[in-house]
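Shown next: coords.txt, given as compact mmCIF, C-alpha atoms.
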# COMPACT_ATOMS: atom_id res chain seq x y z
CA MET A 1 0.00 0.00 0.00
CA SER A 2 1.48 3.36 -0.91
CA GLU A 3 0.91 6.66 -2.61
CA VAL A 4 0.81 4.93 -5.99
CA GLU A 5 -2.14 2.81 -4.86
CA VAL A 6 -3.93 5.87 -3.52
CA GLU A 7 -3.50 7.42 -6.97
CA GLU A 8 -4.79 4.24 -8.64
CA HIS A 9 -7.93 4.10 -6.44
CA PHE A 10 -8.52 7.80 -7.08
CA LYS A 11 -8.12 7.36 -10.87
CA ARG A 12 -10.51 4.40 -10.92
CA LEU A 13 -13.20 6.64 -9.45
CA THR A 14 -12.52 9.72 -11.58
CA ASN A 15 -12.48 7.58 -14.75
CA ASN A 16 -15.88 6.04 -14.01
CA LYS A 17 -18.30 7.30 -16.66
CA TYR A 18 -21.02 8.24 -14.13
CA VAL A 19 -18.66 10.11 -11.80
CA GLU A 20 -18.63 13.92 -12.05
CA GLY A 21 -16.32 14.66 -9.14
CA VAL A 22 -14.13 13.05 -6.45
CA LEU A 23 -13.03 14.93 -3.34
CA ILE A 24 -11.11 13.75 -0.25
CA VAL A 25 -11.02 16.08 2.74
CA ASN A 26 -9.87 15.90 6.37
CA GLU A 27 -12.23 16.44 9.30
CA ASP A 28 -11.79 20.22 9.09
CA GLY A 29 -12.80 20.24 5.45
CA GLN A 30 -9.31 20.87 4.11
CA THR A 31 -8.74 19.24 0.72
CA ILE A 32 -6.29 16.35 0.45
CA LYS A 33 -7.12 15.25 -3.10
CA SER A 34 -9.71 16.50 -5.57
CA ASN A 35 -10.50 16.76 -9.27
CA LEU A 36 -12.92 19.67 -8.82
CA ASP A 37 -12.09 23.25 -9.78
CA PRO A 38 -11.08 25.42 -6.76
CA THR A 39 -14.35 27.36 -6.28
CA LEU A 40 -16.58 24.27 -6.53
CA ASN A 41 -14.11 22.40 -4.36
CA LYS A 42 -14.23 25.03 -1.60
CA LYS A 43 -18.05 25.11 -1.65
CA TYR A 44 -18.48 21.32 -1.63
CA SER A 45 -15.84 20.66 1.05
CA ASP A 46 -17.25 23.29 3.44
CA LEU A 47 -20.91 22.36 2.99
CA ILE A 48 -20.51 18.60 3.00
CA THR A 49 -18.22 18.61 6.05
CA LYS A 50 -20.93 20.50 7.94
CA LEU A 51 -23.67 18.17 6.66
CA VAL A 52 -21.71 15.10 7.80
CA ASP A 53 -21.25 16.69 11.25
CA HIS A 54 -25.04 17.14 11.49
CA ALA A 55 -25.71 13.60 10.27
CA THR A 56 -23.23 12.11 12.76
CA THR A 57 -24.77 14.07 15.65
CA CYS A 58 -28.24 12.99 14.53
CA VAL A 59 -27.23 9.29 14.50
CA LYS A 60 -25.48 9.57 17.88
CA GLU A 61 -28.44 11.31 19.51
CA MET A 62 -30.73 8.53 18.32
CA ASP A 63 -28.37 5.86 19.63
CA GLU A 64 -25.09 6.61 21.39
CA THR A 65 -23.59 3.24 20.40
CA ASN A 66 -24.37 3.67 16.70
CA ASP A 67 -22.23 5.34 14.02
CA LEU A 68 -22.62 6.87 10.56
CA SER A 69 -21.07 4.64 7.88
CA PHE A 70 -22.36 6.09 4.56
CA LEU A 71 -24.46 9.04 3.45
CA ARG A 72 -26.18 9.28 0.04
CA VAL A 73 -27.66 12.64 -0.87
CA ARG A 74 -29.78 12.22 -4.01
CA THR A 75 -30.77 15.48 -5.68
CA LYS A 76 -32.65 16.32 -8.88
CA LYS A 77 -29.36 16.71 -10.75
CA HIS A 78 -26.97 14.14 -9.26
CA GLU A 79 -26.10 11.97 -6.27
CA ILE A 80 -23.48 12.82 -3.64
CA MET A 81 -22.00 9.74 -1.91
CA ILE A 82 -20.05 10.33 1.26
CA VAL A 83 -17.96 7.78 3.21
CA PRO A 84 -17.07 9.28 6.59
CA ASP A 85 -14.14 8.19 8.80
CA LYS A 86 -12.63 9.40 12.06
CA GLU A 87 -10.25 11.71 10.22
CA TYR A 88 -11.20 11.80 6.52
CA LEU A 89 -14.20 12.04 4.18
CA LEU A 90 -14.44 10.54 0.68
CA ILE A 91 -16.97 12.51 -1.40
CA VAL A 92 -18.04 11.24 -4.84
CA ILE A 93 -20.56 13.01 -7.10
CA GLN A 94 -22.25 10.84 -9.72
CA ASN A 95 -25.07 11.18 -12.22
CA PRO A 96 -27.13 7.99 -11.98
CA GLU A 97 -29.62 9.23 -14.59
CA LYS A 98 -27.35 7.96 -17.35
CA LYS A 99 -27.84 4.36 -16.21
CA MET B 1 -56.86 7.30 -4.41
CA SER B 2 -58.11 7.50 -0.85
CA GLU B 3 -57.38 6.77 2.76
CA VAL B 4 -57.68 3.06 2.07
CA GLU B 5 -54.86 3.24 -0.45
CA VAL B 6 -52.70 5.24 1.96
CA GLU B 7 -53.22 2.42 4.48
CA GLU B 8 -52.33 -0.20 1.84
CA HIS B 9 -49.08 1.57 0.88
CA PHE B 10 -48.19 1.97 4.55
CA LYS B 11 -48.91 -1.73 5.28
CA ARG B 12 -46.82 -2.85 2.30
CA LEU B 13 -43.82 -1.05 3.85
CA THR B 14 -44.38 -2.14 7.45
CA ASN B 15 -44.81 -5.78 6.34
CA ASN B 16 -41.52 -5.82 4.41
CA LYS B 17 -39.18 -8.20 6.22
CA TYR B 18 -36.23 -5.76 6.23
CA VAL B 19 -38.25 -2.80 7.48
CA GLU B 20 -37.94 -1.95 11.19
CA GLY B 21 -39.99 1.25 11.19
CA VAL B 22 -42.11 3.56 9.02
CA LEU B 23 -42.83 7.17 9.96
CA ILE B 24 -44.63 9.94 8.04
CA VAL B 25 -44.30 13.48 9.41
CA ASN B 26 -45.22 17.00 8.24
CA GLU B 27 -42.64 19.73 7.74
CA ASP B 28 -42.75 20.65 11.44
CA GLY B 29 -41.97 17.09 12.46
CA GLN B 30 -45.49 16.32 13.68
CA THR B 31 -46.42 12.68 13.16
CA ILE B 32 -49.14 11.81 10.63
CA LYS B 33 -48.66 8.04 10.59
CA SER B 34 -46.15 5.79 12.33
CA ASN B 35 -45.59 2.28 13.63
CA LEU B 36 -42.88 3.31 16.11
CA ASP B 37 -43.44 3.50 19.88
CA PRO B 38 -44.07 7.09 21.11
CA THR B 39 -40.61 7.81 22.60
CA LEU B 40 -38.67 6.49 19.58
CA ASN B 41 -41.17 8.23 17.33
CA LYS B 42 -40.62 11.61 19.02
CA LYS B 43 -36.82 11.25 18.87
CA TYR B 44 -36.72 10.13 15.22
CA SER B 45 -39.22 12.74 13.96
CA ASP B 46 -37.42 15.64 15.67
CA LEU B 47 -33.88 14.62 14.69
CA ILE B 48 -34.63 13.58 11.12
CA THR B 49 -36.70 16.69 10.38
CA LYS B 50 -33.71 18.80 11.46
CA LEU B 51 -31.28 16.67 9.42
CA VAL B 52 -33.44 17.03 6.29
CA ASP B 53 -33.51 20.83 6.81
CA HIS B 54 -29.70 20.84 6.92
CA ALA B 55 -29.42 18.59 3.87
CA THR B 56 -31.86 20.77 1.88
CA THR B 57 -29.96 23.94 2.80
CA CYS B 58 -26.67 22.26 1.86
CA VAL B 59 -28.03 21.24 -1.58
CA LYS B 60 -29.52 24.72 -2.20
CA GLU B 61 -26.31 26.50 -1.22
CA MET B 62 -24.36 24.36 -3.66
CA ASP B 63 -26.85 25.04 -6.45
CA GLU B 64 -29.93 27.24 -6.03
CA THR B 65 -31.78 25.46 -8.85
CA ASN B 66 -31.22 21.99 -7.42
CA ASP B 67 -33.38 20.11 -4.89
CA LEU B 68 -33.08 17.22 -2.42
CA SER B 69 -35.01 14.16 -3.65
CA PHE B 70 -33.83 11.30 -1.40
CA LEU B 71 -31.55 10.89 1.61
CA ARG B 72 -30.03 7.58 2.71
CA VAL B 73 -28.33 7.52 6.10
CA ARG B 74 -26.47 4.22 6.48
CA THR B 75 -25.29 3.48 10.00
CA LYS B 76 -23.56 0.50 11.62
CA LYS B 77 -26.93 -0.88 12.76
CA HIS B 78 -29.43 0.03 10.04
CA GLU B 79 -30.29 2.34 7.15
CA ILE B 80 -32.65 5.32 7.36
CA MET B 81 -34.27 6.21 4.02
CA ILE B 82 -35.95 9.59 3.77
CA VAL B 83 -38.13 10.91 0.90
CA PRO B 84 -38.65 14.65 1.39
CA ASP B 85 -41.49 16.72 -0.10
CA LYS B 86 -42.68 20.30 0.21
CA GLU B 87 -44.96 19.40 3.09
CA TYR B 88 -44.25 15.82 4.20
CA LEU B 89 -41.40 13.37 4.92
CA LEU B 90 -41.55 9.60 4.49
CA ILE B 91 -38.99 7.95 6.82
CA VAL B 92 -38.28 4.22 6.55
CA ILE B 93 -35.78 2.35 8.76
CA GLN B 94 -34.46 -0.93 7.34
CA ASN B 95 -31.81 -3.48 8.21
CA PRO B 96 -30.04 -4.35 4.95
CA GLU B 97 -27.62 -6.72 6.74
CA LYS B 98 -30.17 -9.49 6.47
CA LYS B 99 -29.91 -9.47 2.67
CA GLU C 1 -41.07 30.75 15.23
CA LYS C 2 -42.66 30.63 18.66
CA LYS C 3 -44.30 27.35 17.64
CA LYS C 4 -40.90 25.59 17.15
CA MET C 5 -39.68 26.71 20.57
CA GLN C 6 -42.35 25.37 22.88
CA GLN C 7 -43.01 21.64 22.95
CA LEU C 8 -44.59 20.84 19.61
CA LYS C 9 -48.15 19.61 20.17
CA ASP C 10 -49.28 16.55 18.20
CA ILE C 11 -51.65 17.07 15.29
CA SER C 12 -55.34 17.00 16.27
CA GLU C 13 -57.26 13.93 15.11
CA ASP C 14 -59.36 16.03 12.69
CA ASP C 15 -56.32 17.66 11.11
CA ARG C 16 -54.74 14.22 10.70
CA LYS C 17 -57.88 12.90 9.01
CA LYS C 18 -58.02 15.95 6.71
CA ILE C 19 -54.37 15.52 5.72
CA ILE C 20 -54.65 11.80 5.03
CA SER C 21 -57.60 12.26 2.67
CA SER C 22 -56.09 15.27 0.86
CA ASN C 23 -54.89 14.79 -2.74
CA GLU C 24 -51.41 16.16 -2.10
CA PHE C 25 -50.85 13.68 0.72
CA VAL C 26 -52.18 10.67 -1.24
CA GLU C 27 -50.00 11.63 -4.23
CA PHE C 28 -46.97 12.05 -1.94
CA ILE C 29 -47.55 8.60 -0.42
CA ASP C 30 -47.93 6.99 -3.82
CA HIS C 31 -44.77 8.64 -5.17
CA SER C 32 -42.56 8.23 -2.08
CA THR C 33 -43.49 4.63 -1.22
CA LYS C 34 -42.65 3.57 -4.79
CA ILE C 35 -39.13 4.97 -4.45
CA VAL C 36 -38.57 3.30 -1.08
CA GLU C 37 -39.96 -0.03 -2.30
CA ARG C 38 -37.54 -0.01 -5.25
CA ALA C 39 -34.68 0.76 -2.87
CA LEU C 40 -35.86 -2.02 -0.52
CA ASN C 41 -35.98 -4.53 -3.38
CA GLU C 42 -32.31 -4.00 -4.20
CA ASN C 43 -31.04 -7.28 -2.75
CA TYR C 44 -27.45 -6.02 -3.16
CA ASP C 45 -25.86 -4.50 -0.06
CA TYR C 46 -23.08 -2.19 -1.25
CA MET C 47 -21.65 -2.01 2.29
CA LYS C 48 -20.96 -5.76 2.39
CA ASP C 49 -17.55 -6.99 1.24
CA TYR C 50 -18.75 -9.98 -0.79
CA SER C 51 -15.16 -10.89 -1.63
CA ILE C 52 -14.69 -12.41 1.83
CA ILE C 53 -15.13 -16.18 1.35
CA LYS C 54 -18.62 -17.33 2.45
CA ASP C 55 -17.62 -19.38 5.55
CA ASN C 56 -15.53 -16.81 7.38
CA GLU C 57 -17.98 -14.04 6.40
CA ASN C 58 -20.18 -14.99 9.33
CA ASP C 59 -17.26 -14.47 11.75
CA ASP C 60 -17.33 -10.77 10.79
CA GLN C 61 -20.98 -10.34 11.84
CA GLU D 1 -12.35 26.97 17.71
CA LYS D 2 -10.50 30.04 16.48
CA LYS D 3 -9.21 27.95 13.55
CA LYS D 4 -12.73 27.27 12.24
CA MET D 5 -13.68 30.93 12.40
CA GLN D 6 -10.98 32.53 10.23
CA GLN D 7 -10.70 31.43 6.62
CA LEU D 8 -9.39 27.88 6.74
CA LYS D 9 -5.92 27.78 5.13
CA ASP D 10 -5.23 24.90 2.74
CA ILE D 11 -3.03 22.08 3.93
CA SER D 12 0.70 22.68 3.28
CA GLU D 13 2.24 20.50 0.58
CA ASP D 14 4.37 18.63 3.16
CA ASP D 15 1.38 17.85 5.40
CA ARG D 16 -0.52 16.61 2.34
CA LYS D 17 2.38 14.32 1.36
CA LYS D 18 2.65 13.02 4.92
CA ILE D 19 -1.09 12.27 5.08
CA ILE D 20 -1.19 10.52 1.70
CA SER D 21 1.62 8.15 2.63
CA SER D 22 0.29 7.42 6.13
CA ASN D 23 -1.18 3.95 6.82
CA GLU D 24 -4.48 5.27 8.18
CA PHE D 25 -5.08 7.28 5.03
CA VAL D 26 -4.19 4.44 2.63
CA GLU D 27 -6.44 2.06 4.57
CA PHE D 28 -9.26 4.63 4.52
CA ILE D 29 -8.91 5.04 0.73
CA ASP D 30 -8.89 1.28 0.16
CA HIS D 31 -11.97 0.74 2.36
CA SER D 32 -14.00 3.77 1.23
CA THR D 33 -13.36 3.49 -2.54
CA LYS D 34 -14.51 -0.15 -2.43
CA ILE D 35 -17.86 0.88 -0.95
CA VAL D 36 -18.35 3.67 -3.48
CA GLU D 37 -17.37 1.43 -6.40
CA ARG D 38 -19.94 -1.17 -5.36
CA ALA D 39 -22.56 1.58 -5.13
CA LEU D 40 -21.49 2.91 -8.55
CA ASN D 41 -21.79 -0.54 -10.12
CA GLU D 42 -25.44 -0.85 -9.13
CA ASN D 43 -26.91 -0.29 -12.59
CA TYR D 44 -30.37 0.02 -11.04
CA ASP D 45 -31.62 3.55 -10.39
CA TYR D 46 -34.25 3.35 -7.64
CA MET D 47 -35.41 6.89 -8.42
CA LYS D 48 -36.41 5.97 -11.97
CA ASP D 49 -39.99 4.85 -12.57
CA TYR D 50 -39.23 1.95 -14.92
CA SER D 51 -42.95 1.20 -15.26
CA ILE D 52 -43.37 4.10 -17.70
CA ILE D 53 -43.30 2.52 -21.18
CA LYS D 54 -39.88 2.96 -22.87
CA ASP D 55 -40.86 5.42 -25.65
CA ASN D 56 -42.54 8.10 -23.57
CA GLU D 57 -39.95 7.70 -20.79
CA ASN D 58 -37.63 10.08 -22.63
CA ASP D 59 -40.28 12.81 -22.62
CA ASP D 60 -40.00 12.86 -18.81
CA GLN D 61 -36.27 13.62 -18.85
Kindly return the structure encoded in the file as structure tokens.
Amino acid sequence: MSEVEVEEHFKRLTNNKYVEGVLIVNEDGQTIKSNLDPTLNKKYSDLITKLVDHATTCVKEMDETNDLSFLRVRTKKHEIMIVPDKEYLLIVIQNPEKK
Amino acid sequence: MSEVEVEEHFKRLTNNKYVEGVLIVNEDGQTIKSNLDPTLNKKYSDLITKLVDHATTCVKEMDETNDLSFLRVRTKKHEIMIVPDKEYLLIVIQNPEKK
Amino acid sequence: EKKKMQQLKDISEDDRKKIISSNEFVEFIDHSTKIVERALNENYDYMKDYSIIKDNENDDQ
Amino acid sequence: EKKKMQQLKDISEDDRKKIISSNEFVEFIDHSTKIVERALNENYDYMKDYSIIKDNENDDQ
């Protein structure tokens, strides 16, 4: 496992024909890897980090022993898939309509 | 279309073997129909209504012309599926592990 | 926003009845339950790592 | 929480390099991309109403 494999995993996602964007941020919303343009990247990282905080709090308040493992935000135009972790977030934007 | 059909749709969900709970609330989080016990019902309706507000705001701030159509909150223990509408929310809790 | 602050009262029985028989509500139920039923019928769980060989998969549970 | 208030600086290049080569990060990428890829490979769109007959389905788009 090394940086090369991280690059490979990242490429496999960005090359997927349904994927419109891939963004990896740390818990503060700072970008580690992304293929989005800077303005979109800033907007998505800030907003989605906050949304994940809310979702995690919501899950914890319902059941202290539970935890958020995946969030799918389907909108009219696309779907945002978010895999949260203690320190990082993987955010992938896809357009399922083409299926 | 009538009350009978609403009941039928509701039953079809509650009878599904993966489904652990079905809850329909209005935009203020007041319960219209539910098969959860009162305490769980209160907790879920309050928390999920707030989460949906956050998710809708997040989607709108990213793109004014977009809209939230479906939210899937996957946790360690179950999955919460939420279909939002102008006035109502359908909330279904399922346990996909059994699949 | 006073209403949100104090403890939110439940809907009265009449209001509930009115809502349930209203067109908007019936249409919402028809539309939203269809989506959820399609999602429920996906018998593929994307969280599960199917690559783990069947027998030791149960040890993970 | 001062950090959150003022405009969040980007990560320095060194920190980014350190994170990308750290075990936790590589494990996170391996685990999380697998989940997303399985979700991406579902070729079934639960939002789509497949019951509408093929030809007039395109008018809905």
Using all atoms listed in the file, what table do you get, as a tab-separated table, when you list each residue of chain D with an atom no more than 7 Å from chain A, its nearest pair of atoms, and their distance in Å rounded to one decimal, rows by chain then rising number?
residue	atom	partner	partner_atom	distance
D:Asp10	CA	A:Gln30	CA	5.9
D:Ile11	CA	A:Gln30	CA	6.4
D:Arg16	CA	A:Ile32	CA	6.1
D:Ile20	CA	A:Glu3	CA	6.2
D:Ser21	CA	A:Glu3	CA	5.5
D:Val26	CA	A:Val6	CA	6.3
D:Ile29	CA	A:Val6	CA	6.6
D:Ser32	CA	A:Val83	CA	6.0
D:Thr33	CA	A:His9	CA	6.7
D:Asn43	CA	A:Lys99	CA	6.0
D:Asp45	CA	A:Pro96	CA	6.5
Compile the contact shell of Asp67 of chain A as a PyMOL selection string: residues with an atom at most 9 Å away, counting all atoms listed in the file, same-chain residues fewer than 6 positions apart removed.
(chain A and resi 56+59-60) or (chain B and resi 74-77)
Could you pull the residues within 9 Å of Lys34 of chain C, counting all atoms listed in the file, minus those fewer than 4 positions along the same chain, as an MDAnalysis selection string?
(chainID B and resid 9) or (chainID C and resid 29:30 38:39) or (chainID D and resid 46:47 49)
Edge lengths and centre in Å to one decimal, as JSON, of the axis-aligned box that encloses all listed atoms of segment 8-20 of chain D with 5 Å added on every side?
{"center_x": -2.5, "center_y": 19.2, "center_z": 3.7, "size_x": 23.8, "size_y": 27.4, "size_z": 16.2}
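Atom CA of Lys43 of chain A to atom CA of Cys58 of chain B spans 9.7 Å [interatomic distance, one decimal].
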Best match for closeness to chain B among A:Thr57, A:Leu47, A:Val52, A:Asp63, counting only C-alpha atoms
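Among the listed residues, the smallest separation from chain B belongs to A:Leu47.
Taking atom CA of Ala55 of chain B as the reference point, atom CA of Val25 of chain A is found at 18.6 Å.
One finds atom CA of Thr14 of chain B at 14.8 Å from atom CA of Glu79 of chain B.
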